[in-house]
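> Here you go, one structure.
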Amino acid sequence: MRRLRHSLRWALIKAAVAGTTMVALAFLIPLGLMVQQTARDRAFTAAERQAAALGPALAITTDQDAIARAVASTDAGTQGRMAVHLPPAGAGAGALSGPGGAGGVASAPGATASGGTAQGGTAPAGKVSDPAVAGATAGSGPAAGATIGEVRALAADVASAGGQGRSFTVEVPGGYALLQPVAVDTARIAVVEVFVADGDLTRGVATAWQVLSGVALGLVAVSVLVADRMGARIVGSARRLAAAARSLGAGDLAVRVPVDGKQAAGSPEELREAAHAFNAMADRVVQLLAAERELAADLSHRLRTPLTVLRLNAASLGEGDAADATRHAVAQLEREVDQIIRSARRAPEDAPAVTVGCDAAEVIRERVGFWSALAEDEGRRWQLAGADRETPVPVQRGDLAAAVDALLGNVFRHTGVGTAFSVDVLATGSSVIVLVGDAGPGFTDPEAAMVRGEGHGGEGSTGLGLDIVRKLAEATGGDLALGRSAVLGGAEIRLRLRSRPDGTVPPRAGRRRGRGSLFAR
């Protein structure tokens with residue numbers, strides 16, 4: 001899961017979710033608000049239709065019984081949501097009996113109704129005892145006429161609607177009241193009151209929001225699915241390319257990235273181009289390696305003639321340690337040249353398995369013994385210490401032998417005849433350190449000596465010796481360092497080979513242990 005969170009596939013999914021969510025919100029929020037406003041308008045429109053349904057009845061008669069029957073025939077009337085405020089008989093339009101309609105009642109002489117009040121009485125502005133017909137109340141309508149049905153609006157609002165001659169809504173407990181004035185005749189105006197509950201204003205809004213939310217979630221889910229499929233194709237192509245690169249780095253020269261067929265189907269054009277470039281690079285690497293093998297084989301073959309001359313000359317040297325060492329060196333050189341030719345001619349897939357690892361102490365003893373013959377001829381004192389026990393290192397035997405020969409060859413090439421040298425081997429829990437020191441003048445420029453091809457060892461020197469040793473050390477996680485010998489006073493080269501992936505480099509203070517008998521032979 002942690003790997004997925006940091007992958008390109010997961011990034012595409014998050015981008016799809018973010019983009020789809022923003023688009024969905026940009027459209028769905030206005031739609032939801034529009035639905036809410038539509039529900040509100042629909043409720044008030046229905047109330048207006050209910051109020052308009054009483055217009056013909058009021059235009060014909062103002063008889064309370066007839067109006068009560070007309071109210072009861074409407075949906076709002078059956079639900080107790082409609083009231084009719086009738087004007088008094090013979091009253092002027094909008095005449096009120098007192099200030100604000102709350103004072104004395106100016107009703108027709110002797111006009112009373114069931115559940116109403118007598119002339120000059122006061123009735124509560126609320127639900128009356130008879131749901132069909134309500135008596136005239138103080139300030140209950142224009143000129144304090146009779147009221148039929150359940151009243152919720154204030155008398156002042158009813159009077160204002162009758163006086164202005166236009167409809168409007170007022171807020172009442174539990175919702176809103178629509179006040180619709182209706183002209184009874186040229187001089188009188190009745191007011192129809194229709195109650196609109198809060199639930200009617202939001203009816204269907206919650207369902208609409210749920211549907212819109214479901215649509216939004218569906219869009220997000222579809223976008224995630226599409227992004228995941230696209231990401232899977234892109235990631236699959238990138239992983240195939242990475243796997244091929246790792247295989248090529250591991251030595252599989254036949255690996256190629258598929259650019260056609262089912263595996264490459266759906267891959268982006270950019271990754272297809274990268275796959276083509278990788279395949280071209282792999283083909284070029286194979287060609288270069290083949291040319292390099294041919295060149296190595298040709299060069300090695302050219303060495304056979306001078307080696308034959310050397311072997312004949314060595315055979316004529318007679319007997320003695322120096323003659324035997326020379327013949328041994330010539331024979332070893334011939335074997336190395338033959339090995340180079342065979343390796344160069346061999347196909348990569350036919351190469352034998354190589355066991356990585358050797359005993360560093362054994363290799364160092366062998367190479368120091370080889371160089372000791374030349375040291376005796378030149379009168380050099382030498383010392384080997386610490387190579388008396390097995391010291392395994394993760395390098396091939398031939399590579400370590402070539403590195404030791406390069407270090408000892410530097411001593412003989414850069415110091416005068418008779419200059420002493422020493423080789424120390426120190427094994428720790430995680431590293432093997434090889435110290436090669438001499439009593440010569442030392443390094444004038446250690447940094448320049450480490451640069452590949454920059455050595456100035458005179459005739460026969462290529463300047464590659466220390467660079468070869470450094471690469472061998474770095475291949476194991478170690479290093480190569482140049483300095484001055486604290487015992488002999490000349491140059492000192494420290495080769496550190498890591499024998500384990502973990503561990504630390506031991507301090508240099510303990511490596512001089514037992515050097516008191518340095519030149520004891």
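Here's how to read the names in the structure tokens: chain A, B, ... by the order shown, residue numbers from 1 in each chain, ligand numbers from 1 in the order shown.
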Within 8 Å of stretch 493-502 of chain A, counting only C-alpha atoms, which residues show up once you throw out same-chain ones fewer than 5 positions away? Write them as a ChimeraX atom specification, please.
/A:392-394,407,429-437,469-470,473-474,476-483
> In stretch 154-357 of chain A, what's alpha helix (DSSP H) per DSSP? Answer as a PyMOL selection string?
chain A and resi 155-164+198-201+205-249+269-302+304-315+321-345
> At a cut-off of 8 Å, can you tabulate as JSON lines every residue of stretch 211-312 of chain A near stretch 28-41 of chain A together with its closest atom pair and the distance in Å to one decimal, using only C-alpha atoms and ordering rows by chain then number?

{"residue": "A:Leu212", "atom": "CA", "partner": "A:Leu28", "partner_atom": "CA", "distance": 6.4}
{"residue": "A:Ser213", "atom": "CA", "partner": "A:Leu28", "partner_atom": "CA", "distance": 7.9}
{"residue": "A:Ala216", "atom": "CA", "partner": "A:Leu28", "partner_atom": "CA", "distance": 7.6}
> Please list as a PyMOL selection string every residue within 8 Å of stretch 43-50 of chain A, counting only C-alpha atoms and excluding residues in the same chain fewer than 3 positions away.
chain A and resi 39-40+53-54+74-76+178+180+194-196+200-201
> Can you spit out the residues from that selection as a compact mmCIF listing (two decimals), in the first residue's frame, using N, CA and C atoms?

# COMPACT_ATOMS: atom_id res chain seq x y z
N ALA A 39 -38.67 24.34 -5.75
CA ALA A 39 -39.64 23.80 -4.79
C ALA A 39 -40.37 24.92 -4.05
N ARG A 40 -39.64 25.97 -3.73
CA ARG A 40 -40.27 27.11 -3.04
C ARG A 40 -41.28 27.80 -3.96
N ALA A 53 -58.88 30.09 -6.99
CA ALA A 53 -60.07 29.25 -7.18
C ALA A 53 -61.30 29.83 -6.50
N LEU A 54 -61.10 30.66 -5.47
CA LEU A 54 -62.24 31.27 -4.77
C LEU A 54 -62.70 32.57 -5.42
N THR A 74 -61.86 23.11 -1.71
CA THR A 74 -60.46 23.20 -2.16
C THR A 74 -59.57 22.30 -1.30
N ASP A 75 -58.39 21.96 -1.84
CA ASP A 75 -57.46 21.12 -1.09
C ASP A 75 -56.95 21.84 0.15
N ALA A 76 -56.63 23.12 0.00
CA ALA A 76 -56.14 23.86 1.16
C ALA A 76 -57.22 23.99 2.21
N LEU A 178 -49.96 33.32 2.35
CA LEU A 178 -50.16 34.08 1.13
C LEU A 178 -51.48 34.85 1.27
N GLN A 180 -54.08 37.06 -0.67
CA GLN A 180 -54.52 37.40 -2.03
C GLN A 180 -55.80 38.22 -1.97
N VAL A 194 -53.94 31.84 2.35
CA VAL A 194 -53.56 30.43 2.16
C VAL A 194 -52.25 30.19 2.89
N PHE A 195 -52.26 29.20 3.76
CA PHE A 195 -51.07 28.88 4.57
C PHE A 195 -50.17 27.90 3.80
N VAL A 196 -48.89 28.25 3.73
CA VAL A 196 -47.88 27.38 3.09
C VAL A 196 -46.91 26.94 4.18
N ASP A 200 -43.71 22.24 2.81
CA ASP A 200 -44.04 22.37 1.40
C ASP A 200 -42.94 23.09 0.63
N LEU A 201 -42.26 24.00 1.31
CA LEU A 201 -41.20 24.76 0.64
C LEU A 201 -39.98 23.90 0.33
> For the contact check between stretch 390-479 of chain A and stretch 362-385 of chain A, emit one row per residue of stretch 390-479 of chain A within 8 Å, containing the shortest atom pair and the distance in Å rounded to one decimal, counting only C-alpha atoms, chain then rising number order, as JSON lines.

{"residue": "A:Glu390", "atom": "CA", "partner": "A:Glu362", "partner_atom": "CA", "distance": 7.3}
{"residue": "A:Arg397", "atom": "CA", "partner": "A:Val363", "partner_atom": "CA", "distance": 7.1}
{"residue": "A:Leu400", "atom": "CA", "partner": "A:Val363", "partner_atom": "CA", "distance": 7.3}
{"residue": "A:Ala401", "atom": "CA", "partner": "A:Val363", "partner_atom": "CA", "distance": 6.2}
{"residue": "A:Val404", "atom": "CA", "partner": "A:Ile364", "partner_atom": "CA", "distance": 6.9}
{"residue": "A:Asp405", "atom": "CA", "partner": "A:Arg367", "partner_atom": "CA", "distance": 6.8}
{"residue": "A:Leu408", "atom": "CA", "partner": "A:Trp371", "partner_atom": "CA", "distance": 7.6}
{"residue": "A:Val417", "atom": "CA", "partner": "A:Glu378", "partner_atom": "CA", "distance": 5.4}
{"residue": "A:Gly418", "atom": "CA", "partner": "A:Arg380", "partner_atom": "CA", "distance": 4.3}
{"residue": "A:Thr419", "atom": "CA", "partner": "A:Arg380", "partner_atom": "CA", "distance": 5.4}
{"residue": "A:Ala420", "atom": "CA", "partner": "A:Arg381", "partner_atom": "CA", "distance": 4.6}
{"residue": "A:Phe421", "atom": "CA", "partner": "A:Trp382", "partner_atom": "CA", "distance": 4.9}
{"residue": "A:Ser422", "atom": "CA", "partner": "A:Gln383", "partner_atom": "CA", "distance": 4.6}
{"residue": "A:Val423", "atom": "CA", "partner": "A:Leu384", "partner_atom": "CA", "distance": 4.9}
{"residue": "A:Asp424", "atom": "CA", "partner": "A:Ala385", "partner_atom": "CA", "distance": 4.8}
{"residue": "A:Val425", "atom": "CA", "partner": "A:Ala385", "partner_atom": "CA", "distance": 6.2}
> Point out the residue among A:Ile341, A:Ile468, A:Val17, A:Ala83 with the least atom-to-atom distance to A:Glu292, counting only C-alpha atoms.
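Smallest distance to A:Glu292 is found for A:Ile341.
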> Would you mind listing what lies within 12 Å of A:Ala315 as a list in words, with only C-alpha atoms counted and same-chain residues fewer than 4 positions away left out?
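The contact residues come out as Thr308, Val309, Leu310, Arg311, Glu319, Gly320, Ala322, Ala323, Asp324, Ala325, Thr326, Arg327, His328, Val330 and Ala331 of chain A.
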> DSSP says strand (DSSP E) for which residues of stretch 222-438 of chain A? Put them as a PyMOL selection string?
chain A and resi 358-359+382-385+392-393+421-427+431-438
> Can I get the selected residues back with C-alpha atoms, as a short mmCIF file (atom, residue, chain, number, x, y, z; two decimals), in the first residue's frame?

data_model
loop_
_atom_site.label_atom_id
_atom_site.label_comp_id
_atom_site.auth_asym_id
_atom_site.auth_seq_id
_atom_site.Cartn_x
_atom_site.Cartn_y
_atom_site.Cartn_z
CA CYS A 358 39.11 -15.73 -2.67
CA ASP A 359 41.56 -15.84 0.21
CA TRP A 382 60.99 -6.37 2.48
CA GLN A 383 58.50 -7.50 5.08
CA LEU A 384 55.14 -9.30 4.89
CA ALA A 385 52.95 -9.24 8.00
CA PRO A 392 38.22 -14.08 2.57
CA VAL A 393 37.24 -11.16 0.32
CA PHE A 421 59.18 -1.93 1.26
CA SER A 422 56.59 -3.67 3.39
CA VAL A 423 53.16 -5.31 2.95
CA ASP A 424 50.74 -5.49 5.87
CA VAL A 425 47.41 -7.31 5.94
CA LEU A 426 44.84 -6.41 8.58
CA ALA A 427 41.49 -8.20 8.82
CA SER A 431 36.96 -5.17 6.00
CA VAL A 432 40.37 -6.36 4.85
CA ILE A 433 43.06 -3.67 4.67
CA VAL A 434 46.25 -4.07 2.65
CA LEU A 435 49.03 -1.54 3.36
CA VAL A 436 51.95 -1.24 0.93
CA GLY A 437 54.66 1.16 2.14
CA ASP A 438 58.21 1.98 1.05
#
> Between A:Thr415, A:Thr428, A:Thr78, A:Gln164, single out the one closest to A:Thr391, counting only C-alpha atoms.
A:Thr428
> What's around A:Pro258 at 10 Å? Count only C-alpha atoms, leave out sequence neighbours fewer than 4 positions away in its own chain, and write the answer as a compact mmCIF listing (two decimals) with N, CA and C atoms, in the first residue's frame.

# COMPACT_ATOMS: atom_id res chain seq x y z
N SER A 237 4.04 -0.25 -18.69
CA SER A 237 5.07 0.03 -19.69
C SER A 237 6.36 0.51 -19.05
N ARG A 240 8.12 -2.43 -17.34
CA ARG A 240 8.80 -3.30 -18.30
C ARG A 240 10.11 -2.68 -18.77
N LEU A 241 10.09 -1.36 -18.99
CA LEU A 241 11.32 -0.68 -19.39
C LEU A 241 12.37 -0.74 -18.27
N ALA A 244 13.80 -4.28 -17.99
CA ALA A 244 14.76 -4.54 -19.06
C ALA A 244 16.09 -3.85 -18.79
N LYS A 262 0.57 -7.50 -27.93
CA LYS A 262 -0.38 -7.33 -26.83
C LYS A 262 0.25 -6.61 -25.64
N GLN A 263 1.53 -6.92 -25.33
CA GLN A 263 2.16 -6.29 -24.17
C GLN A 263 2.32 -4.79 -24.35
N ALA A 264 2.56 -4.36 -25.57
CA ALA A 264 2.75 -2.93 -25.82
C ALA A 264 1.46 -2.20 -26.11
N ALA A 265 0.33 -2.93 -26.16
CA ALA A 265 -0.95 -2.28 -26.47
C ALA A 265 -1.32 -1.31 -25.36
N ARG A 272 6.73 4.31 -25.80
CA ARG A 272 7.11 3.52 -26.97
C ARG A 272 8.43 4.04 -27.55
N ALA A 275 11.15 2.89 -25.38
CA ALA A 275 11.44 1.47 -25.60
C ALA A 275 12.26 1.28 -26.87
N HIS A 276 11.90 2.00 -27.94
CA HIS A 276 12.71 1.91 -29.16
C HIS A 276 14.15 2.37 -28.90
N ASN A 279 16.02 -0.34 -26.95
CA ASN A 279 16.39 -1.47 -27.79
C ASN A 279 17.56 -1.12 -28.70
